[in-house]
Every structure is written in C-alpha cells, then in structure tokens.
file protein06.cif (mmCIF, C-alpha atoms)
data_final
#
loop_
_atom_site.label_atom_id
_atom_site.label_comp_id
_atom_site.auth_asym_id
_atom_site.auth_seq_id
_atom_site.Cartn_x
_atom_site.Cartn_y
_atom_site.Cartn_z
CA MET A 1 -153.89 -34.62 70.96
CA ALA A 2 -156.47 -33.34 73.43
CA VAL A 3 -159.32 -35.60 74.48
CA ALA A 4 -162.63 -34.04 75.46
CA GLN A 5 -165.24 -35.89 77.45
CA ILE A 6 -168.75 -35.06 76.21
CA ILE A 7 -171.82 -35.82 78.33
CA ASP A 8 -175.31 -34.74 77.24
CA GLY A 9 -173.80 -32.64 74.46
CA LYS A 10 -171.57 -30.62 76.80
CA VAL A 11 -167.80 -30.70 77.18
CA VAL A 12 -167.21 -31.86 80.76
CA ALA A 13 -163.43 -32.14 80.97
CA GLU A 14 -160.51 -31.78 78.67
CA THR A 15 -157.41 -33.88 79.25
CA THR A 16 -154.25 -34.64 77.39
CA PRO A 17 -153.01 -38.21 77.68
CA THR A 18 -149.32 -38.17 78.52
CA ASN A 19 -148.53 -41.83 79.09
CA THR A 20 -150.66 -44.62 77.74
CA GLY A 21 -148.24 -47.33 78.91
CA ALA A 22 -147.94 -49.06 82.27
CA ASN A 23 -147.40 -46.92 85.35
CA ARG A 24 -143.78 -46.65 86.42
CA VAL A 25 -142.86 -46.42 90.06
CA GLY A 26 -140.15 -43.98 91.08
CA THR A 27 -139.25 -42.50 87.70
CA ASP A 28 -139.10 -38.79 87.02
CA SER A 29 -137.05 -38.78 83.83
CA LEU A 30 -137.89 -39.19 80.16
CA GLY A 31 -137.24 -42.56 78.58
CA LYS A 32 -136.69 -43.39 74.95
CA ASP A 33 -140.44 -43.80 74.28
CA ALA A 34 -141.15 -40.30 75.59
CA PHE A 35 -138.22 -38.94 73.59
CA MET A 36 -139.60 -40.44 70.37
CA GLN A 37 -143.09 -39.09 71.15
CA LEU A 38 -141.64 -35.61 71.59
CA LEU A 39 -139.68 -35.90 68.33
CA VAL A 40 -142.76 -37.05 66.39
CA ALA A 41 -144.90 -34.28 67.96
CA GLN A 42 -142.27 -31.73 66.99
CA MET A 43 -142.28 -32.97 63.39
CA GLN A 44 -146.09 -32.95 63.21
CA ASN A 45 -146.46 -29.48 64.68
CA GLN A 46 -143.68 -27.60 62.93
CA ASP A 47 -144.46 -24.49 60.93
CA PRO A 48 -144.80 -25.56 57.26
CA LEU A 49 -143.45 -22.19 56.11
CA GLU A 50 -140.33 -22.56 58.28
CA PRO A 51 -139.69 -26.28 58.74
CA ALA A 52 -136.91 -27.49 61.02
CA SER A 53 -133.68 -28.25 59.24
CA ASP A 54 -132.46 -31.78 58.56
CA THR A 55 -129.46 -31.23 60.81
CA GLU A 56 -131.74 -30.56 63.81
CA PHE A 57 -133.52 -33.88 63.30
CA ILE A 58 -130.25 -35.73 62.74
CA SER A 59 -128.92 -34.24 65.95
CA GLN A 60 -132.02 -35.32 67.85
CA LEU A 61 -131.84 -38.84 66.39
CA ALA A 62 -128.19 -39.03 67.48
CA GLN A 63 -129.27 -38.01 70.98
CA PHE A 64 -131.96 -40.69 70.88
CA SER A 65 -129.41 -43.29 69.83
CA SER A 66 -127.12 -42.24 72.68
CA LEU A 67 -130.00 -42.48 75.15
CA GLU A 68 -130.85 -45.97 73.93
CA GLN A 69 -127.23 -47.13 74.24
CA MET A 70 -126.99 -45.71 77.77
CA GLU A 71 -130.15 -47.60 78.75
CA ASN A 72 -128.69 -50.81 77.29
CA LEU A 73 -125.44 -50.25 79.19
CA ASN A 74 -127.35 -49.58 82.41
CA THR A 75 -129.29 -52.84 82.00
CA ALA A 76 -126.10 -54.80 81.29
CA MET A 77 -124.39 -53.34 84.37
CA ALA A 78 -127.38 -54.15 86.58
CA ASN A 79 -127.40 -57.72 85.29
CA GLN A 80 -123.65 -58.03 85.84
CA ASN A 81 -124.09 -56.86 89.43
CA ALA A 82 -126.80 -59.51 89.90
CA PHE A 83 -124.42 -62.28 88.79
CA GLY A 84 -121.99 -61.13 91.47
CA LEU A 85 -124.61 -61.90 94.14
CA VAL A 86 -124.59 -65.67 93.53
CA GLY A 87 -123.58 -67.33 96.81
CA LYS A 88 -124.19 -64.17 98.84
CA ASN A 89 -126.64 -63.91 101.72
CA VAL A 90 -129.33 -61.34 100.90
CA ILE A 91 -132.53 -59.87 102.25
CA ILE A 92 -135.28 -59.24 99.72
CA ASN A 93 -138.51 -57.29 100.16
CA PRO A 94 -140.78 -58.88 97.53
CA GLY A 95 -143.00 -56.36 95.76
CA ALA A 96 -141.19 -53.35 97.25
CA SER A 97 -140.25 -51.99 93.82
CA GLU A 98 -143.96 -51.94 92.89
CA GLY A 99 -145.09 -50.40 96.18
CA LYS A 100 -146.57 -53.73 97.35
CA ALA A 101 -144.07 -54.78 100.00
CA LYS A 102 -144.60 -58.18 101.64
CA ASP A 103 -142.69 -60.02 104.34
CA SER A 104 -138.94 -59.98 103.83
CA VAL A 105 -137.15 -63.06 102.55
CA ALA A 106 -133.59 -63.89 103.61
CA GLY A 107 -131.25 -66.52 102.20
CA TYR A 108 -128.44 -67.29 99.81
CA VAL A 109 -128.70 -66.44 96.13
CA GLN A 110 -128.62 -69.81 94.36
CA TYR A 111 -128.56 -68.51 90.79
CA VAL A 112 -129.54 -65.54 88.64
CA GLU A 113 -132.07 -65.75 85.83
CA ILE A 114 -132.52 -63.12 83.12
CA LYS A 115 -136.10 -62.72 81.85
CA ASP A 116 -136.93 -60.06 79.27
CA GLY A 117 -133.61 -58.34 79.98
CA LYS A 118 -134.26 -58.11 83.74
CA ALA A 119 -132.36 -59.99 86.44
CA TYR A 120 -134.12 -62.22 88.95
CA LEU A 121 -132.42 -63.71 92.02
CA ALA A 122 -133.24 -67.27 93.10
CA VAL A 123 -133.47 -67.57 96.89
CA ASP A 124 -134.84 -70.77 98.45
CA ASP A 125 -136.02 -71.96 95.01
CA ASN A 126 -138.12 -68.80 94.42
CA THR A 127 -137.16 -65.99 92.07
CA TYR A 128 -137.31 -62.31 93.02
CA SER A 129 -136.68 -59.18 90.99
CA ILE A 130 -133.29 -57.55 91.58
CA ASP A 131 -135.29 -54.34 92.12
CA ASP A 132 -136.63 -55.84 95.37
CA LEU A 133 -133.16 -56.44 96.82
CA TYR A 134 -132.94 -54.81 100.25
CA THR A 135 -129.43 -55.66 101.45
CA VAL A 136 -126.48 -57.97 101.00
CA LEU A 137 -124.96 -59.42 104.16
CA ASP A 138 -121.38 -60.55 104.75
CA ASP A 139 -121.03 -64.12 106.01
CA ARG A 140 -118.62 -63.03 108.78
CA TYR A 141 -121.16 -60.48 109.98
CA LEU A 142 -123.84 -63.18 110.20
CA GLU A 143 -121.47 -65.52 112.03
CA GLY A 144 -120.86 -62.77 114.60
CA ILE A 145 -124.60 -62.28 115.10
CA LEU A 146 -125.21 -66.01 115.50
CA LYS A 147 -122.37 -66.33 118.04
CA SER A 148 -123.66 -63.42 120.10
CA GLU A 149 -127.19 -64.92 120.16
CA SER A 150 -126.02 -68.31 121.45
#
call {"tool": "encode", "arguments": {"input": "protein06.cif", "output": "structure tokens"}}
result
Amino acid sequence: MAVAQIIDGKVVAETTPTNTGANRVGTDSLGKDAFMQLLVAQMQNQDPLEPASDTEFISQLAQFSSLEQMENLNTAMANQNAFGLVGKNVIINPGASEGKAKDSVAGYVQYVEIKDGKAYLAVDDNTYSIDDLYTVLDDRYLEGILKSES
C-alpha cells in the first residue's frame, strides 16, 4: 500500500513502507515475515478473472514451512555451539552486532543462558549476546603468551 504525504493540499512524497519492524543489522535475505507478506500481497492482488490455483498456494505454504523449519534448526545449532563454549576463554565485543561496539571483554564463559531463543554467554558475571563473540582462545595459546611476556 502506498503512503502519500500531503502538506497544504499537495502530495509531497510518495513512499511504500517495506519493513515496519525493527531494523536488522547485516541481513540481506527475506525472512519468514517477509515471505508471508509477499504471499498475502500476491493473494490480494491476483486477477479475479484468472485466480492462482490452489496448488500454487499449497506449494508456497510448503516453502514457507520449510523456511521456518530451517530457521528453527539454525537457531538450535547456534545455541548448541554456545553450550560448547562453557569453560572456554573468549573475547567479546559488546554491542558489535548492533553496530555499537564498546571495549572488548575477555574471560572464561561461566555458563550459557537462553533468552527468547537466543544464546547469551556469561563472562565475569555479565551476559553477552553470542552475536558479539569475537574469538575463542585456546588455553595453551594463552599460556604461551603469558610465558613469553614474563
């Protein structure tokens, strides 16, 4: 649906809202919400004299279901990877995933917490998003660095 801005009785600009949700950093692919919006738009704008067949919509719904399952699998794999970091020495750049990088934090992952389906790593009694993970360090590597510094 096009939105026109009218000032003093004149159309100033015409825009089409494409995403009314929160901004996403670093994504250039369609998610399940966009897929459903496209499907609904297709249904609303089809030619009434030549409507799309039921099999086309069933096929698209099957694709949507597959997309949703792949997203669920991706989330589960990311969370599983987070659990494997417990006891590992990591460097985290808080806010990096949102484009608001702060000073790096280094330490051992004490535990992993899942909030709203997203993994958070506890380092020095603070939790950080797994998306802000910068690197994982091997203990033997750190021992070598500490020995060379002393």
call {"tool": "atom_distance", "arguments": {"input": "protein06.cif", "atom1": "CA of Val136 (chain A)", "atom2": "CA of Ile92 (chain A)"}}
result
9.0 Å
call {"tool": "resolve_selection", "arguments": {"input": "protein06.cif", "expression": "the PyMOL selection byres ((chain A and resi 60) around 12)", "output": "VMD selection string"}}
result
chain A and resid 32 35 to 36 38 to 40 42 to 43 52 to 59 61 to 67
call {"tool": "atom_distance", "arguments": {"input": "protein06.cif", "atom1": "CA of Ala122 (chain A)", "atom2": "CA of Arg140 (chain A)"}}
result
21.9 Å
call {"tool": "resolve_selection", "arguments": {"input": "protein06.cif", "expression": "the PyMOL selection byres ((chain A and resi 129) around 8)", "output": "mmCIF file with C-alpha atoms, in the coordinates of the input"}}
result
data_model
loop_
_atom_site.group_PDB
_atom_site.id
_atom_site.type_symbol
_atom_site.label_atom_id
_atom_site.label_comp_id
_atom_site.auth_asym_id
_atom_site.auth_seq_id
_atom_site.Cartn_x
_atom_site.Cartn_y
_atom_site.Cartn_z
ATOM 1 C CA PRO A 94 -140.780 -58.880 97.530
ATOM 2 C CA LYS A 118 -134.260 -58.110 83.740
ATOM 3 C CA ALA A 119 -132.360 -59.990 86.440
ATOM 4 C CA TYR A 120 -134.120 -62.220 88.950
ATOM 5 C CA LEU A 121 -132.420 -63.710 92.020
ATOM 6 C CA THR A 127 -137.160 -65.990 92.070
ATOM 7 C CA TYR A 128 -137.310 -62.310 93.020
ATOM 8 C CA ILE A 130 -133.290 -57.550 91.580
ATOM 9 C CA ASP A 131 -135.290 -54.340 92.120
ATOM 10 C CA ASP A 132 -136.630 -55.840 95.370
ATOM 11 C CA LEU A 133 -133.160 -56.440 96.820
#
call {"tool": "closest_residue", "arguments": {"input": "protein06.cif", "among": "A:Tyr134, A:Asn74, A:Gln80, A:Gly144", "to": "Asp103 (chain A)", "atoms": "only C-alpha atoms"}}
result
A:Tyr134
call {"tool": "atom_distance", "arguments": {"input": "protein06.cif", "atom1": "CA of Ile91 (chain A)", "atom2": "CA of Val112 (chain A)"}}
result
15.0 Å
call {"tool": "residues_around", "arguments": {"input": "protein06.cif", "residues": "Val123 (chain A)", "least_positions_apart": "2", "cutoff": "6 Å", "atoms": "only C-alpha atoms", "output": "mmCIF file with C-alpha atoms, keeping the file's coordinate frame"}}
result
data_model
loop_
_atom_site.group_PDB
_atom_site.id
_atom_site.type_symbol
_atom_site.label_atom_id
_atom_site.label_comp_id
_atom_site.auth_asym_id
_atom_site.auth_seq_id
_atom_site.Cartn_x
_atom_site.Cartn_y
_atom_site.Cartn_z
ATOM 1 C CA GLY A 107 -131.250 -66.520 102.200
ATOM 2 C CA TYR A 108 -128.440 -67.290 99.810
ATOM 3 C CA VAL A 109 -128.700 -66.440 96.130
ATOM 4 C CA GLN A 110 -128.620 -69.810 94.360
ATOM 5 C CA ASP A 125 -136.020 -71.960 95.010
ATOM 6 C CA ASN A 126 -138.120 -68.800 94.420
#
call {"tool": "axis_aligned_box", "arguments": {"input": "protein06.cif", "around": "region 54-66 of chain A", "padding_each_side": "4 Å", "output": "AutoDock Vina command-line options"}}
result
--center_x -130.3 --center_y -36.9 --center_z 65.6 --size_x 14.4 --size_y 20.7 --size_z 22.1
call {"tool": "build_atoms", "arguments": {"input": "protein06.cif", "residues": "region 120-138 of chain A", "atoms": "N, CA and C atoms", "output": "CSV table (one decimal), in the coordinates of the input"}}
result
chain,number,residue,atom,x,y,z
A,120,TYR,N,-133.4,-61.7,87.8
A,120,TYR,CA,-134.1,-62.2,89.0
A,120,TYR,C,-133.2,-63.1,89.8
A,121,LEU,N,-133.3,-62.9,91.1
A,121,LEU,CA,-132.4,-63.7,92.0
A,121,LEU,C,-133.2,-64.9,92.6
A,122,ALA,N,-132.6,-66.1,92.5
A,122,ALA,CA,-133.2,-67.3,93.1
A,122,ALA,C,-132.8,-67.4,94.5
A,123,VAL,N,-133.7,-67.4,95.5
A,123,VAL,CA,-133.5,-67.6,96.9
A,123,VAL,C,-134.5,-68.6,97.4
A,124,ASP,N,-134.0,-69.7,98.0
A,124,ASP,CA,-134.8,-70.8,98.4
A,124,ASP,C,-135.8,-71.2,97.4
A,125,ASP,N,-135.3,-71.4,96.2
A,125,ASP,CA,-136.0,-72.0,95.0
A,125,ASP,C,-137.2,-71.1,94.5
A,126,ASN,N,-137.2,-69.8,94.9
A,126,ASN,CA,-138.1,-68.8,94.4
A,126,ASN,C,-137.3,-67.7,93.8
A,127,THR,N,-137.9,-67.1,92.7
A,127,THR,CA,-137.2,-66.0,92.1
A,127,THR,C,-137.8,-64.7,92.4
A,128,TYR,N,-136.9,-63.7,92.6
A,128,TYR,CA,-137.3,-62.3,93.0
A,128,TYR,C,-136.6,-61.3,92.1
A,129,SER,N,-137.3,-60.2,91.8
A,129,SER,CA,-136.7,-59.2,91.0
A,129,SER,C,-135.5,-58.5,91.7
A,130,ILE,N,-134.4,-58.2,91.0
A,130,ILE,CA,-133.3,-57.6,91.6
A,130,ILE,C,-133.7,-56.2,92.1
A,131,ASP,N,-134.8,-55.6,91.6
A,131,ASP,CA,-135.3,-54.3,92.1
A,131,ASP,C,-135.8,-54.4,93.6
A,132,ASP,N,-136.1,-55.6,94.0
A,132,ASP,CA,-136.6,-55.8,95.4
A,132,ASP,C,-135.5,-56.2,96.4
A,133,LEU,N,-134.3,-56.2,95.9
A,133,LEU,CA,-133.2,-56.4,96.8
A,133,LEU,C,-133.1,-55.4,97.9
A,134,TYR,N,-133.0,-55.8,99.1
A,134,TYR,CA,-132.9,-54.8,100.2
A,134,TYR,C,-131.5,-54.6,100.7
A,135,THR,N,-130.8,-55.8,101.0
A,135,THR,CA,-129.4,-55.7,101.4
A,135,THR,C,-128.7,-56.9,101.2
A,136,VAL,N,-127.4,-56.8,101.1
A,136,VAL,CA,-126.5,-58.0,101.0
A,136,VAL,C,-125.7,-58.1,102.3
A,137,LEU,N,-125.6,-59.2,102.9
A,137,LEU,CA,-125.0,-59.4,104.2
A,137,LEU,C,-123.7,-60.2,104.0
A,138,ASP,N,-122.6,-59.8,104.7
A,138,ASP,CA,-121.4,-60.6,104.8
A,138,ASP,C,-121.5,-61.8,105.7
